[in-house]
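A.B. asks: This one is model21.cif, mmCIF, C-alpha atoms and all ligand atoms.
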data_coords
loop_
_atom_site.group_PDB
_atom_site.id
_atom_site.type_symbol
_atom_site.label_atom_id
_atom_site.label_comp_id
_atom_site.auth_asym_id
_atom_site.auth_seq_id
_atom_site.Cartn_x
_atom_site.Cartn_y
_atom_site.Cartn_z
ATOM 1 C CA MET A 1 -1.328 -8.804 14.198
ATOM 2 C CA LYS A 2 -4.656 -8.417 12.362
ATOM 3 C CA ILE A 3 -4.455 -6.425 9.150
ATOM 4 C CA ALA A 4 -7.272 -4.898 7.109
ATOM 5 C CA ILE A 5 -6.604 -4.154 3.455
ATOM 6 C CA VAL A 6 -8.989 -1.481 2.180
ATOM 7 C CA GLY A 7 -9.446 -1.950 -1.566
ATOM 8 C CA GLY A 8 -8.118 -5.440 -0.980
ATOM 9 C CA THR A 9 -9.845 -6.745 -4.100
ATOM 10 C CA GLY A 10 -7.332 -4.999 -6.384
ATOM 11 C CA ALA A 11 -4.110 -6.319 -7.842
ATOM 12 C CA PHE A 12 -1.960 -5.086 -4.957
ATOM 13 C CA GLY A 13 -4.450 -5.837 -2.174
ATOM 14 C CA ARG A 14 -4.971 -9.405 -3.338
ATOM 15 C CA ALA A 15 -1.254 -10.032 -3.681
ATOM 16 C CA LEU A 16 -0.611 -8.572 -0.227
ATOM 17 C CA ALA A 17 -3.457 -10.564 1.331
ATOM 18 C CA GLU A 18 -2.177 -13.777 -0.186
ATOM 19 C CA ARG A 19 1.379 -13.158 0.998
ATOM 20 C CA LEU A 20 0.343 -12.086 4.504
ATOM 21 C CA ALA A 21 -1.959 -15.082 4.897
ATOM 22 C CA THR A 22 0.929 -17.353 3.890
ATOM 23 C CA LEU A 23 3.072 -15.660 6.531
ATOM 24 C CA GLY A 24 0.439 -16.423 9.161
ATOM 25 C CA TYR A 25 -1.105 -12.975 9.592
ATOM 26 C CA ASP A 26 -4.791 -12.589 10.319
ATOM 27 C CA VAL A 27 -6.061 -10.668 7.261
ATOM 28 C CA VAL A 28 -9.349 -9.120 6.210
ATOM 29 C CA ILE A 29 -9.803 -7.638 2.757
ATOM 30 C CA GLY A 30 -12.202 -4.771 2.274
ATOM 31 C CA SER A 31 -14.210 -3.685 -0.729
ATOM 32 C CA ARG A 32 -17.056 -1.310 -1.458
ATOM 33 C CA ASP A 33 -18.964 -4.500 -2.267
ATOM 34 C CA PRO A 34 -19.124 -6.985 0.648
ATOM 35 C CA GLU A 35 -19.980 -9.916 -1.626
ATOM 36 C CA ARG A 36 -16.967 -9.288 -3.841
ATOM 37 C CA ALA A 37 -14.777 -9.083 -0.730
ATOM 38 C CA ALA A 38 -16.159 -12.331 0.689
ATOM 39 C CA GLU A 39 -15.774 -14.167 -2.641
ATOM 40 C CA LEU A 40 -12.173 -13.072 -3.122
ATOM 41 C CA GLY A 41 -11.388 -13.565 0.555
ATOM 42 C CA ALA A 42 -12.462 -17.201 0.221
ATOM 43 C CA VAL A 43 -10.006 -17.638 -2.667
ATOM 44 C CA TYR A 44 -7.097 -16.454 -0.509
ATOM 45 C CA GLY A 45 -8.259 -17.977 2.764
ATOM 46 C CA VAL A 46 -8.876 -14.625 4.454
ATOM 47 C CA GLU A 47 -11.957 -12.726 5.626
ATOM 48 C CA GLY A 48 -13.703 -10.364 3.232
ATOM 49 C CA LYS A 49 -16.003 -7.505 4.260
ATOM 50 C CA GLN A 50 -17.246 -4.113 3.208
ATOM 51 C CA ASN A 51 -14.431 -1.587 3.782
ATOM 52 C CA ARG A 52 -16.061 0.098 6.763
ATOM 53 C CA ASP A 53 -16.551 -3.239 8.553
ATOM 54 C CA ALA A 54 -13.121 -4.546 7.576
ATOM 55 C CA VAL A 55 -11.272 -1.707 9.355
ATOM 56 C CA ARG A 56 -12.897 -2.319 12.751
ATOM 57 C CA ASP A 57 -11.030 -4.280 15.430
ATOM 58 C CA VAL A 58 -7.770 -4.629 13.509
ATOM 59 C CA ASP A 59 -4.220 -3.587 14.417
ATOM 60 C CA LEU A 60 -3.233 -2.005 11.099
ATOM 61 C CA VAL A 61 -5.207 -0.653 8.141
ATOM 62 C CA VAL A 62 -3.505 -0.760 4.730
ATOM 63 C CA LEU A 63 -5.084 1.771 2.382
ATOM 64 C CA ALA A 64 -4.791 0.035 -0.993
ATOM 65 C CA THR A 65 -7.592 1.435 -3.120
ATOM 66 C CA LYS A 66 -6.848 2.802 -6.548
ATOM 67 C CA SER A 67 -4.728 5.890 -5.815
ATOM 68 C CA ASN A 68 -7.276 8.396 -7.057
ATOM 69 C CA ALA A 69 -9.792 6.985 -4.571
ATOM 70 C CA ALA A 70 -7.481 7.135 -1.525
ATOM 71 C CA ILE A 71 -8.532 10.573 -0.253
ATOM 72 C CA ASP A 72 -12.284 10.030 -0.585
ATOM 73 C CA THR A 73 -11.972 6.559 0.928
ATOM 74 C CA ALA A 74 -9.992 7.925 3.893
ATOM 75 C CA ARG A 75 -12.710 10.517 4.404
ATOM 76 C CA ASP A 76 -15.476 7.883 4.223
ATOM 77 C CA LEU A 77 -13.718 5.523 6.629
ATOM 78 C CA ALA A 78 -12.189 8.041 9.057
ATOM 79 C CA GLU A 79 -14.738 7.383 11.766
ATOM 80 C CA ALA A 80 -14.589 3.592 11.422
ATOM 81 C CA ILE A 81 -10.775 3.625 11.443
ATOM 82 C CA GLY A 82 -10.576 5.839 14.519
ATOM 83 C CA HIS A 83 -7.026 5.744 15.901
ATOM 84 C CA THR A 84 -5.961 2.445 14.277
ATOM 85 C CA PRO A 85 -2.532 2.908 12.628
ATOM 86 C CA MET A 86 -2.572 3.129 8.827
ATOM 87 C CA LEU A 87 -0.185 2.357 5.990
ATOM 88 C CA CYS A 88 -0.841 4.244 2.765
ATOM 89 C CA VAL A 89 0.605 2.530 -0.327
ATOM 90 C CA ALA A 90 -0.853 4.988 -2.834
ATOM 91 C CA SER A 91 1.056 7.179 -5.269
ATOM 92 C CA ASP A 92 -0.147 10.378 -6.794
ATOM 93 C CA LEU A 93 0.662 10.119 -10.500
ATOM 94 C CA ARG A 94 -0.134 11.841 -13.750
ATOM 95 C CA PHE A 95 -0.202 9.723 -16.907
ATOM 96 C CA GLU A 96 0.788 11.638 -20.044
ATOM 97 C CA LYS A 97 1.552 10.527 -23.604
ATOM 98 C CA ASP A 98 5.308 10.783 -23.050
ATOM 99 C CA GLY A 99 5.409 9.011 -19.706
ATOM 100 C CA VAL A 100 4.326 8.928 -16.079
ATOM 101 C CA TYR A 101 4.843 12.050 -13.953
ATOM 102 C CA PRO A 102 4.641 12.669 -10.219
ATOM 103 C CA GLY A 103 1.243 14.128 -9.324
ATOM 104 C CA ARG A 104 0.662 16.926 -6.846
ATOM 105 C CA LEU A 105 3.666 19.043 -6.002
ATOM 106 C CA GLY A 106 4.617 20.053 -2.480
ATOM 107 C CA THR A 107 2.632 17.326 -0.763
ATOM 108 C CA SER A 108 1.615 13.663 -1.116
ATOM 109 C CA LEU A 109 -1.487 11.527 -0.909
ATOM 110 C CA ALA A 110 -0.228 10.030 2.351
ATOM 111 C CA GLU A 111 0.128 13.457 3.991
ATOM 112 C CA GLU A 112 -3.357 14.391 2.822
ATOM 113 C CA VAL A 113 -4.723 11.145 4.246
ATOM 114 C CA ALA A 114 -2.947 11.900 7.536
ATOM 115 C CA GLY A 115 -4.706 15.250 7.600
ATOM 116 C CA ILE A 116 -8.096 13.559 7.277
ATOM 117 C CA VAL A 117 -7.945 10.662 9.746
ATOM 118 C CA ALA A 118 -7.277 10.781 13.485
ATOM 119 C CA ALA A 119 -5.038 7.714 13.132
ATOM 120 C CA PRO A 120 -1.249 7.811 12.737
ATOM 121 C CA VAL A 121 -0.307 7.262 9.073
ATOM 122 C CA ALA A 122 2.819 5.835 7.467
ATOM 123 C CA ALA A 123 3.519 5.529 3.742
ATOM 124 C CA GLY A 124 5.379 2.723 2.033
ATOM 125 C CA LEU A 125 5.625 -0.299 -0.259
ATOM 126 C CA GLN A 126 5.111 1.925 -3.335
ATOM 127 C CA THR A 127 8.024 0.264 -5.144
ATOM 128 C CA LEU A 128 6.952 -3.307 -4.370
ATOM 129 C CA ALA A 129 5.133 -4.691 -7.433
ATOM 130 C CA ALA A 130 2.086 -6.877 -6.883
ATOM 131 C CA ALA A 131 3.675 -9.279 -9.368
ATOM 132 C CA HIS A 132 6.655 -9.668 -7.017
ATOM 133 C CA LEU A 133 4.505 -10.258 -3.952
ATOM 134 C CA THR A 134 2.865 -13.277 -5.552
ATOM 135 C CA GLN A 135 6.136 -15.026 -6.352
ATOM 136 C CA LYS A 136 7.018 -18.081 -4.280
ATOM 137 C CA GLU A 137 10.158 -16.484 -2.821
ATOM 138 C CA ALA A 138 10.272 -13.033 -1.239
ATOM 139 C CA PRO A 139 11.577 -10.573 -3.870
ATOM 140 C CA GLU A 140 15.249 -9.537 -3.885
ATOM 141 C CA GLU A 141 14.578 -5.887 -3.143
ATOM 142 C CA ASP A 142 14.130 -3.453 -0.259
ATOM 143 C CA ALA A 143 10.891 -1.928 0.950
ATOM 144 C CA LEU A 144 10.878 1.769 1.815
ATOM 145 C CA VAL A 145 8.603 3.135 4.523
ATOM 146 C CA CYS A 146 8.343 6.682 5.813
ATOM 147 C CA GLY A 147 6.327 8.232 8.594
ATOM 148 C CA ASP A 148 6.607 10.377 11.652
ATOM 149 C CA GLU A 149 7.764 8.515 14.755
ATOM 150 C CA ASN A 150 4.616 6.657 15.691
ATOM 151 C CA GLU A 151 2.940 3.261 15.846
ATOM 152 C CA ALA A 152 2.021 3.328 12.148
ATOM 153 C CA LYS A 153 5.643 3.563 11.063
ATOM 154 C CA ARG A 154 6.797 0.951 13.572
ATOM 155 C CA MET A 155 4.157 -1.567 12.478
ATOM 156 C CA SER A 156 4.595 -0.809 8.768
ATOM 157 C CA LEU A 157 8.344 -1.383 8.982
ATOM 158 C CA GLU A 158 7.748 -4.659 10.820
ATOM 159 C CA LEU A 159 5.314 -5.745 8.121
ATOM 160 C CA ALA A 160 7.506 -4.587 5.235
ATOM 161 C CA ALA A 161 10.425 -6.613 6.600
ATOM 162 C CA GLN A 162 8.378 -9.782 6.104
ATOM 163 C CA LEU A 163 7.609 -9.037 2.464
ATOM 164 C CA VAL A 164 11.040 -8.691 0.880
ATOM 165 C CA ALA A 165 14.287 -10.609 0.896
ATOM 166 C CA GLY A 166 16.050 -7.265 1.313
ATOM 167 C CA ARG A 167 15.388 -4.844 4.124
ATOM 168 C CA ALA A 168 12.570 -2.668 5.351
ATOM 169 C CA ILE A 169 14.155 0.769 5.305
ATOM 170 C CA ASP A 170 13.063 3.728 7.391
ATOM 171 C CA ALA A 171 12.959 6.563 4.863
ATOM 172 C CA GLY A 172 12.319 9.335 7.382
ATOM 173 C CA PRO A 173 9.306 11.503 8.202
ATOM 174 C CA LEU A 174 5.954 11.278 6.451
ATOM 175 C CA ALA A 175 6.753 14.253 4.217
ATOM 176 C CA ASN A 176 9.117 11.911 2.361
ATOM 177 C CA ALA A 177 6.031 10.199 0.977
ATOM 178 C CA ARG A 178 6.375 12.902 -1.698
ATOM 179 C CA ALA A 179 9.595 11.214 -2.804
ATOM 180 C CA LEU A 180 8.275 7.662 -2.426
ATOM 181 C CA GLU A 181 5.164 8.467 -4.446
ATOM 182 C CA GLY A 182 7.328 10.193 -7.049
ATOM 183 C CA LEU A 183 9.565 7.145 -7.138
ATOM 184 C CA THR A 184 6.563 5.159 -8.388
ATOM 185 C CA ALA A 185 6.527 7.380 -11.458
ATOM 186 C CA VAL A 186 10.220 6.599 -11.946
ATOM 187 C CA ILE A 187 9.601 2.859 -11.580
ATOM 188 C CA LEU A 188 6.659 2.870 -13.995
ATOM 189 C CA ASN A 189 8.720 4.671 -16.645
ATOM 190 C CA ILE A 190 11.530 2.161 -16.104
ATOM 191 C CA ASN A 191 9.089 -0.745 -16.378
ATOM 192 C CA LYS A 192 7.770 0.567 -19.665
ATOM 193 C CA ARG A 193 11.194 1.340 -21.117
ATOM 194 C CA TYR A 194 12.801 -1.982 -20.089
ATOM 195 C CA ARG A 195 9.667 -4.190 -20.071
ATOM 196 C CA ALA A 196 10.287 -5.079 -16.444
ATOM 197 C CA HIS A 197 8.823 -5.093 -12.947
ATOM 198 C CA ALA A 198 11.573 -3.024 -11.334
ATOM 199 C CA GLY A 199 12.115 -2.781 -7.585
ATOM 200 C CA VAL A 200 14.638 -0.843 -5.489
ATOM 201 C CA ARG A 201 17.689 -1.819 -3.488
ATOM 202 C CA VAL A 202 19.524 0.672 -1.269
ATOM 203 C CA THR A 203 23.260 0.096 -1.031
ATOM 204 C CA GLY A 204 25.807 1.188 1.519
ATOM 205 C CA LEU A 205 23.838 0.243 4.635
ATOM 206 C CA ALA A 206 25.645 -1.517 7.440
HETATM 207 N N1 LIG B 301 -0.259 -2.814 -8.427
HETATM 208 C C1 LIG B 301 0.956 -2.711 -7.899
HETATM 209 O O1 LIG B 301 1.912 -3.425 -8.295
HETATM 210 C C2 LIG B 301 1.205 -1.740 -6.769
HETATM 211 C C3 LIG B 301 2.451 -1.732 -6.124
HETATM 212 C C4 LIG B 301 2.676 -0.871 -5.042
HETATM 213 C C5 LIG B 301 1.649 -0.010 -4.650
HETATM 214 N N2 LIG B 301 0.471 -0.014 -5.335
HETATM 215 C C6 LIG B 301 -0.607 0.906 -4.917
HETATM 216 O O2 LIG B 301 -1.654 0.113 -4.386
HETATM 217 C C7 LIG B 301 -2.919 0.746 -4.645
HETATM 218 C C8 LIG B 301 -3.813 -0.256 -5.347
HETATM 219 O O3 LIG B 301 -3.243 -0.587 -6.602
HETATM 220 P P1 LIG B 301 -3.946 -1.688 -7.525
HETATM 221 O O4 LIG B 301 -3.076 -1.898 -8.668
HETATM 222 O O5 LIG B 301 -4.367 -2.836 -6.667
HETATM 223 O O6 LIG B 301 -5.257 -0.869 -7.960
HETATM 224 P P2 LIG B 301 -6.626 -1.371 -8.570
HETATM 225 O O7 LIG B 301 -6.606 -2.847 -8.774
HETATM 226 O O8 LIG B 301 -6.930 -0.488 -9.748
HETATM 227 O O9 LIG B 301 -7.696 -0.962 -7.458
HETATM 228 C C9 LIG B 301 -7.704 -1.458 -6.162
HETATM 229 C C10 LIG B 301 -9.118 -1.411 -5.608
HETATM 230 O O10 LIG B 301 -9.541 -0.053 -5.415
HETATM 231 C C11 LIG B 301 -10.946 -0.068 -5.256
HETATM 232 N N3 LIG B 301 -11.505 1.132 -5.877
HETATM 233 C C12 LIG B 301 -11.473 1.475 -7.194
HETATM 234 N N4 LIG B 301 -12.115 2.654 -7.384
HETATM 235 C C13 LIG B 301 -12.545 3.034 -6.153
HETATM 236 C C14 LIG B 301 -13.289 4.164 -5.697
HETATM 237 N N5 LIG B 301 -13.699 5.143 -6.534
HETATM 238 N N6 LIG B 301 -13.560 4.252 -4.370
HETATM 239 C C15 LIG B 301 -13.145 3.273 -3.507
HETATM 240 N N7 LIG B 301 -12.457 2.178 -3.897
HETATM 241 C C16 LIG B 301 -12.158 2.075 -5.200
HETATM 242 C C17 LIG B 301 -11.469 -1.332 -5.951
HETATM 243 O O11 LIG B 301 -12.058 -2.148 -4.958
HETATM 244 P P3 LIG B 301 -13.660 -2.428 -4.885
HETATM 245 O O12 LIG B 301 -14.209 -2.170 -6.259
HETATM 246 O O13 LIG B 301 -13.706 -3.876 -4.514
HETATM 247 O O14 LIG B 301 -14.154 -1.516 -3.833
HETATM 248 C C18 LIG B 301 -10.212 -1.977 -6.489
HETATM 249 O O15 LIG B 301 -10.232 -3.393 -6.427
HETATM 250 C C19 LIG B 301 -2.619 1.991 -5.496
HETATM 251 O O16 LIG B 301 -2.591 3.111 -4.655
HETATM 252 C C20 LIG B 301 -1.232 1.706 -6.062
HETATM 253 O O17 LIG B 301 -0.511 2.891 -6.337
HETATM 254 C C21 LIG B 301 0.204 -0.857 -6.363
#
What does this structure look like when you write it as structure tokens?
Ligand SMILES: NC(=O)c1ccc[n+]([C@@H]2O[C@H](COP(=O)([O-])OP(=O)(O)OC[C@H]3O[C@@H](n4cnc5c(N)ncnc54)[C@H](OP(=O)(O)O)[C@@H]3O)[C@@H](O)[C@H]2O)c1

C.D. replies:
Amino acid sequence: MKIAIVGGTGAFGRALAERLATLGYDVVIGSRDPERAAELGAVYGVEGKQNRDAVRDVDLVVLATKSNAAIDTARDLAEAIGHTPMLCVASDLRFEKDGVYPGRLGTSLAEEVAGIVAAPVAAGLQTLAAAHLTQKEAPEEDALVCGDENEAKRMSLELAAQLVAGRAIDAGPLANARALEGLTAVILNINKRYRAHAGVRVTGLA
């Protein structure tokens, strides 16, 4: 499976690229700046290209830009992405003095992205910290993925299963991205309160 990571020069994209390369995936990281992508790609032993070139001829596109750039980036890359399945890891958040809040109500970034691109879109990995991805061992947590029944969800679940010591859990239709993105706000408040990099584990599964 060849995977493009749009915004792959960021903390999460780099960590994901490094982990996927270690697992034997063919990875290309994208950036707005092709030189930056190539330089960082060389560090992790993966290809690096401008975002619009990175998303061509791959099996899965991971949208991993800064969250507030996800919508505009999806719009810019829609044509280049075509019908290639996508995984959106973004969370819509609002940072206030007293804590982190969920962002837009009644929808999610992932659903908005799905409304822009022709490709099927899944959402997931929001609770998986970049700091956990770069550890030697897969982190002792689960990875939640939601999406409508399509290729994007199937591939994202398959990928997520490789990243954690726990399970990749199907969290239902894409509209549940609202909950997964909101869960990021919960995790960030927990991290601040307990000085941690919290993850999630779902109990009670067979
Ligand atoms: N960090 C984590 O632990 C973590 C965990 C789970 C999910 N996530 C999600 O993963 C995504 C990336 O997080 P991050 O911490 O890696 O973010 P980040 O380091 O702040 O940014 C990632 C990349 O986004 C690109 N970018 C920034 N502004 C942009 C713009 N206006 N237009 C297009 N691209 C832009 C930059 O790439 P170029 O400048 O090279 O183009 C940057 O390297 C977020 O949606 C976040 O919610 C993060």

A.B. asks: Select, from A:Leu163, A:Ala171, A:Val145, A:Ala11, the residue with the minimum atom-to-atom distance to Ala64 in chain A, counting all atoms listed in the file.

C.D. replies: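 Checking each of A:Leu163, A:Ala171, A:Val145, A:Ala11 against Ala64 in chain A, counting all atoms listed in the file, the winner is A:Ala11.
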
A.B. asks: For the file shown, report as a PDB file with C-alpha atoms, in the frame of the given file the outcome of the PyMOL selection byres (((chain A and resi 54) around 12) and not hetatm) at residue level.

C.D. replies:
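Now in selection.pdb:
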ATOM      1  CA  LYS A   2      -4.656  -8.417  12.362  1.00  0.00           C
ATOM      2  CA  ILE A   3      -4.455  -6.425   9.150  1.00  0.00           C
ATOM      3  CA  ALA A   4      -7.272  -4.898   7.109  1.00  0.00           C
ATOM      4  CA  ILE A   5      -6.604  -4.154   3.455  1.00  0.00           C
ATOM      5  CA  VAL A   6      -8.989  -1.481   2.180  1.00  0.00           C
ATOM      6  CA  GLY A   7      -9.446  -1.950  -1.566  1.00  0.00           C
ATOM      7  CA  GLY A   8      -8.118  -5.440  -0.980  1.00  0.00           C
ATOM      8  CA  ASP A  26      -4.791 -12.589  10.319  1.00  0.00           C
ATOM      9  CA  VAL A  27      -6.061 -10.668   7.261  1.00  0.00           C
ATOM     10  CA  VAL A  28      -9.349  -9.120   6.210  1.00  0.00           C
ATOM     11  CA  ILE A  29      -9.803  -7.638   2.757  1.00  0.00           C
ATOM     12  CA  GLY A  30     -12.202  -4.771   2.274  1.00  0.00           C
ATOM     13  CA  SER A  31     -14.210  -3.685  -0.729  1.00  0.00           C
ATOM     14  CA  ARG A  32     -17.056  -1.310  -1.458  1.00  0.00           C
ATOM     15  CA  ASP A  33     -18.964  -4.500  -2.267  1.00  0.00           C
ATOM     16  CA  PRO A  34     -19.124  -6.985   0.648  1.00  0.00           C
ATOM     17  CA  ALA A  37     -14.777  -9.083  -0.730  1.00  0.00           C
ATOM     18  CA  ALA A  38     -16.159 -12.331   0.689  1.00  0.00           C
ATOM     19  CA  GLY A  41     -11.388 -13.565   0.555  1.00  0.00           C
ATOM     20  CA  VAL A  46      -8.876 -14.625   4.454  1.00  0.00           C
ATOM     21  CA  GLU A  47     -11.957 -12.726   5.626  1.00  0.00           C
ATOM     22  CA  GLY A  48     -13.703 -10.364   3.232  1.00  0.00           C
ATOM     23  CA  LYS A  49     -16.003  -7.505   4.260  1.00  0.00           C
ATOM     24  CA  GLN A  50     -17.246  -4.113   3.208  1.00  0.00           C
ATOM     25  CA  ASN A  51     -14.431  -1.587   3.782  1.00  0.00           C
ATOM     26  CA  ARG A  52     -16.061   0.098   6.763  1.00  0.00           C
ATOM     27  CA  ASP A  53     -16.551  -3.239   8.553  1.00  0.00           C
ATOM     28  CA  VAL A  55     -11.272  -1.707   9.355  1.00  0.00           C
ATOM     29  CA  ARG A  56     -12.897  -2.319  12.751  1.00  0.00           C
ATOM     30  CA  ASP A  57     -11.030  -4.280  15.430  1.00  0.00           C
ATOM     31  CA  VAL A  58      -7.770  -4.629  13.509  1.00  0.00           C
ATOM     32  CA  ASP A  59      -4.220  -3.587  14.417  1.00  0.00           C
ATOM     33  CA  LEU A  60      -3.233  -2.005  11.099  1.00  0.00           C
ATOM     34  CA  VAL A  61      -5.207  -0.653   8.141  1.00  0.00           C
ATOM     35  CA  VAL A  62      -3.505  -0.760   4.730  1.00  0.00           C
ATOM     36  CA  LEU A  63      -5.084   1.771   2.382  1.00  0.00           C
ATOM     37  CA  LEU A  77     -13.718   5.523   6.629  1.00  0.00           C
ATOM     38  CA  ALA A  80     -14.589   3.592  11.422  1.00  0.00           C
ATOM     39  CA  ILE A  81     -10.775   3.625  11.443  1.00  0.00           C
TER      40      ILE A  81
END

A.B. asks: Counting all atoms listed in the file, which protein, DNA or RNA residues come within 6 Å of ligand LIG 301 (chain B), given as a ChimeraX atom specification?

C.D. replies: /A:7,9-13,31-33,64-67,69,73,89-91,125-130

A.B. asks: Could you work out how far CA of Pro102 in chain A lies from CA of Val202 in chain A, giving the answer in Å with one decimal?

C.D. replies: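 Computed distance, CA of Val202 in chain A to CA of Pro102 in chain A, equals 21.1 Å.
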
A.B. asks: Using all atoms listed in the file, which residues sit within 12 Å of Ala143 in chain A once same-chain residues fewer than 4 positions away are excluded, as a short mmCIF file (atom, residue, chain, number, x, y, z; two decimals) with C-alpha atoms, in the frame of the given file?

C.D. replies:
data_model
loop_
_atom_site.label_atom_id
_atom_site.label_comp_id
_atom_site.auth_asym_id
_atom_site.auth_seq_id
_atom_site.Cartn_x
_atom_site.Cartn_y
_atom_site.Cartn_z
CA VAL A 89 0.60 2.53 -0.33
CA ALA A 123 3.52 5.53 3.74
CA GLY A 124 5.38 2.72 2.03
CA LEU A 125 5.62 -0.30 -0.26
CA GLN A 126 5.11 1.92 -3.34
CA THR A 127 8.02 0.26 -5.14
CA LEU A 128 6.95 -3.31 -4.37
CA ALA A 129 5.13 -4.69 -7.43
CA HIS A 132 6.66 -9.67 -7.02
CA LEU A 133 4.50 -10.26 -3.95
CA ALA A 138 10.27 -13.03 -1.24
CA PRO A 139 11.58 -10.57 -3.87
CA SER A 156 4.60 -0.81 8.77
CA LEU A 157 8.34 -1.38 8.98
CA GLU A 158 7.75 -4.66 10.82
CA LEU A 159 5.31 -5.74 8.12
CA ALA A 160 7.51 -4.59 5.24
CA ALA A 161 10.42 -6.61 6.60
CA GLN A 162 8.38 -9.78 6.10
CA LEU A 163 7.61 -9.04 2.46
CA VAL A 164 11.04 -8.69 0.88
CA ALA A 165 14.29 -10.61 0.90
CA GLY A 166 16.05 -7.26 1.31
CA ARG A 167 15.39 -4.84 4.12
CA ALA A 168 12.57 -2.67 5.35
CA ILE A 169 14.16 0.77 5.30
CA ASP A 170 13.06 3.73 7.39
CA ALA A 171 12.96 6.56 4.86
CA LEU A 180 8.28 7.66 -2.43
CA GLY A 199 12.12 -2.78 -7.58
CA VAL A 200 14.64 -0.84 -5.49
CA ARG A 201 17.69 -1.82 -3.49
CA VAL A 202 19.52 0.67 -1.27
#

A.B. asks: Select, from A:Leu188, A:Ala177, A:Leu23, A:Ala196, the residue with the minimum atom-to-atom distance to Phe95 in chain A, counting all atoms listed in the file.

C.D. replies: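 Comparing A:Leu188, A:Ala177, A:Leu23, A:Ala196 against Phe95 in chain A, the winner is A:Leu188.
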
A.B. asks: Please report the interatomic distance between CA of Ala110 in chain A and CA of Ile187 in chain A in Å with one decimal.

C.D. replies: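 Result for CA of Ala110 in chain A versus CA of Ile187 in chain A: 18.5 Å, one decimal.
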
A.B. asks: Out of A:Arg178, A:Lys192, A:Arg36, A:Arg94, which residue has the shortest atom-to-atom distance to Glu111 in chain A when counting all atoms listed in the file?

C.D. replies: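 The answer is A:Arg178, which sits nearest to Glu111 in chain A.
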
A.B. asks: At most 10 Å from (-6.2, -17.8, -1.6), file frame, all atoms listed in the file: which residues, as number ranges by chain?

C.D. replies: A: 14-15, 17-19, 21-22, 40-46

A.B. asks: Using the chain letters and numbering of this document, enumerate as a VMD selection string the residues selected by the PyMOL selection byres (((chain A and resi 116) around 10) and not hetatm).

C.D. replies: chain A and resid 71 to 72 74 to 78 110 to 115 117 to 119

A.B. asks: Could you dump the residues just selected with C-alpha atoms as a short mmCIF file (atom, residue, chain, number, x, y, z; two decimals), keeping the file's coordinate frame?

C.D. replies:
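See out-v5.cif below for the written result:
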data_model
loop_
_atom_site.label_atom_id
_atom_site.label_comp_id
_atom_site.auth_asym_id
_atom_site.auth_seq_id
_atom_site.Cartn_x
_atom_site.Cartn_y
_atom_site.Cartn_z
CA ILE A 71 -8.53 10.57 -0.25
CA ASP A 72 -12.28 10.03 -0.58
CA ALA A 74 -9.99 7.92 3.89
CA ARG A 75 -12.71 10.52 4.40
CA ASP A 76 -15.48 7.88 4.22
CA LEU A 77 -13.72 5.52 6.63
CA ALA A 78 -12.19 8.04 9.06
CA ALA A 110 -0.23 10.03 2.35
CA GLU A 111 0.13 13.46 3.99
CA GLU A 112 -3.36 14.39 2.82
CA VAL A 113 -4.72 11.14 4.25
CA ALA A 114 -2.95 11.90 7.54
CA GLY A 115 -4.71 15.25 7.60
CA VAL A 117 -7.94 10.66 9.75
CA ALA A 118 -7.28 10.78 13.48
CA ALA A 119 -5.04 7.71 13.13
#

A.B. asks: Name the residues that the PyMOL selection byres (((chain A and resi 182) around 8) and not hetatm) picks from the file above, as a PyMOL selection string, using the file's chain letters and numbers.

C.D. replies: chain A and resi 91-93+101-103+178-181+183-186

A.B. asks: So that I can see what lies close to Val121 in chain A, please list as a list of chain:residue names the residues with an atom at most 6 Å from it, counting all atoms listed in the file and leaving out residues fewer than 2 positions away in the same chain.

C.D. replies: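 Neighbouring residues, sequence-local ones excluded: A:Met86, A:Leu87, A:Ala114, A:Ala152.
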
A.B. asks: For C-alpha atoms, I'd like the residues from the last selection saved as a PDB file, in the coordinates of the input.

C.D. replies:
ATOM      1  CA  MET A  86      -2.572   3.129   8.827  1.00  0.00           C
ATOM      2  CA  LEU A  87      -0.185   2.357   5.990  1.00  0.00           C
ATOM      3  CA  ALA A 114      -2.947  11.900   7.536  1.00  0.00           C
ATOM      4  CA  ALA A 152       2.021   3.328  12.148  1.00  0.00           C
TER       5      ALA A 152
END

A.B. asks: Can you list, as JSON, numbers by chain, every protein, DNA or RNA residue that comes within 10 Å of Asn150 in chain A when you count only C-alpha atoms, leaving out same-chain residues fewer than 3 positions away?

C.D. replies: {"A": [85, 120, 121, 122, 147, 153, 154, 155]}

A.B. asks: If I take CA of Asn68 in chain A and CA of Asp142 in chain A, how far is one from the other in Å, to one decimal?

C.D. replies: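 These two atoms are separated by 25.4 Å.
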
A.B. asks: From the set A:Ala198, A:Thr203, A:Asn189, A:Glu151, which residue has the shortest atom-to-atom contact distance to Lys97 in chain A, counting all atoms listed in the file?

C.D. replies: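 Going through A:Ala198, A:Thr203, A:Asn189, A:Glu151 one by one, the smallest distance to Lys97 in chain A is for A:Asn189.
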
A.B. asks: Ranking A:Gly24, A:Thr84, A:Thr134, A:Arg193 by minimum distance to Asp98 in chain A and counting all atoms listed in the file, which one comes first?

C.D. replies: A:Arg193
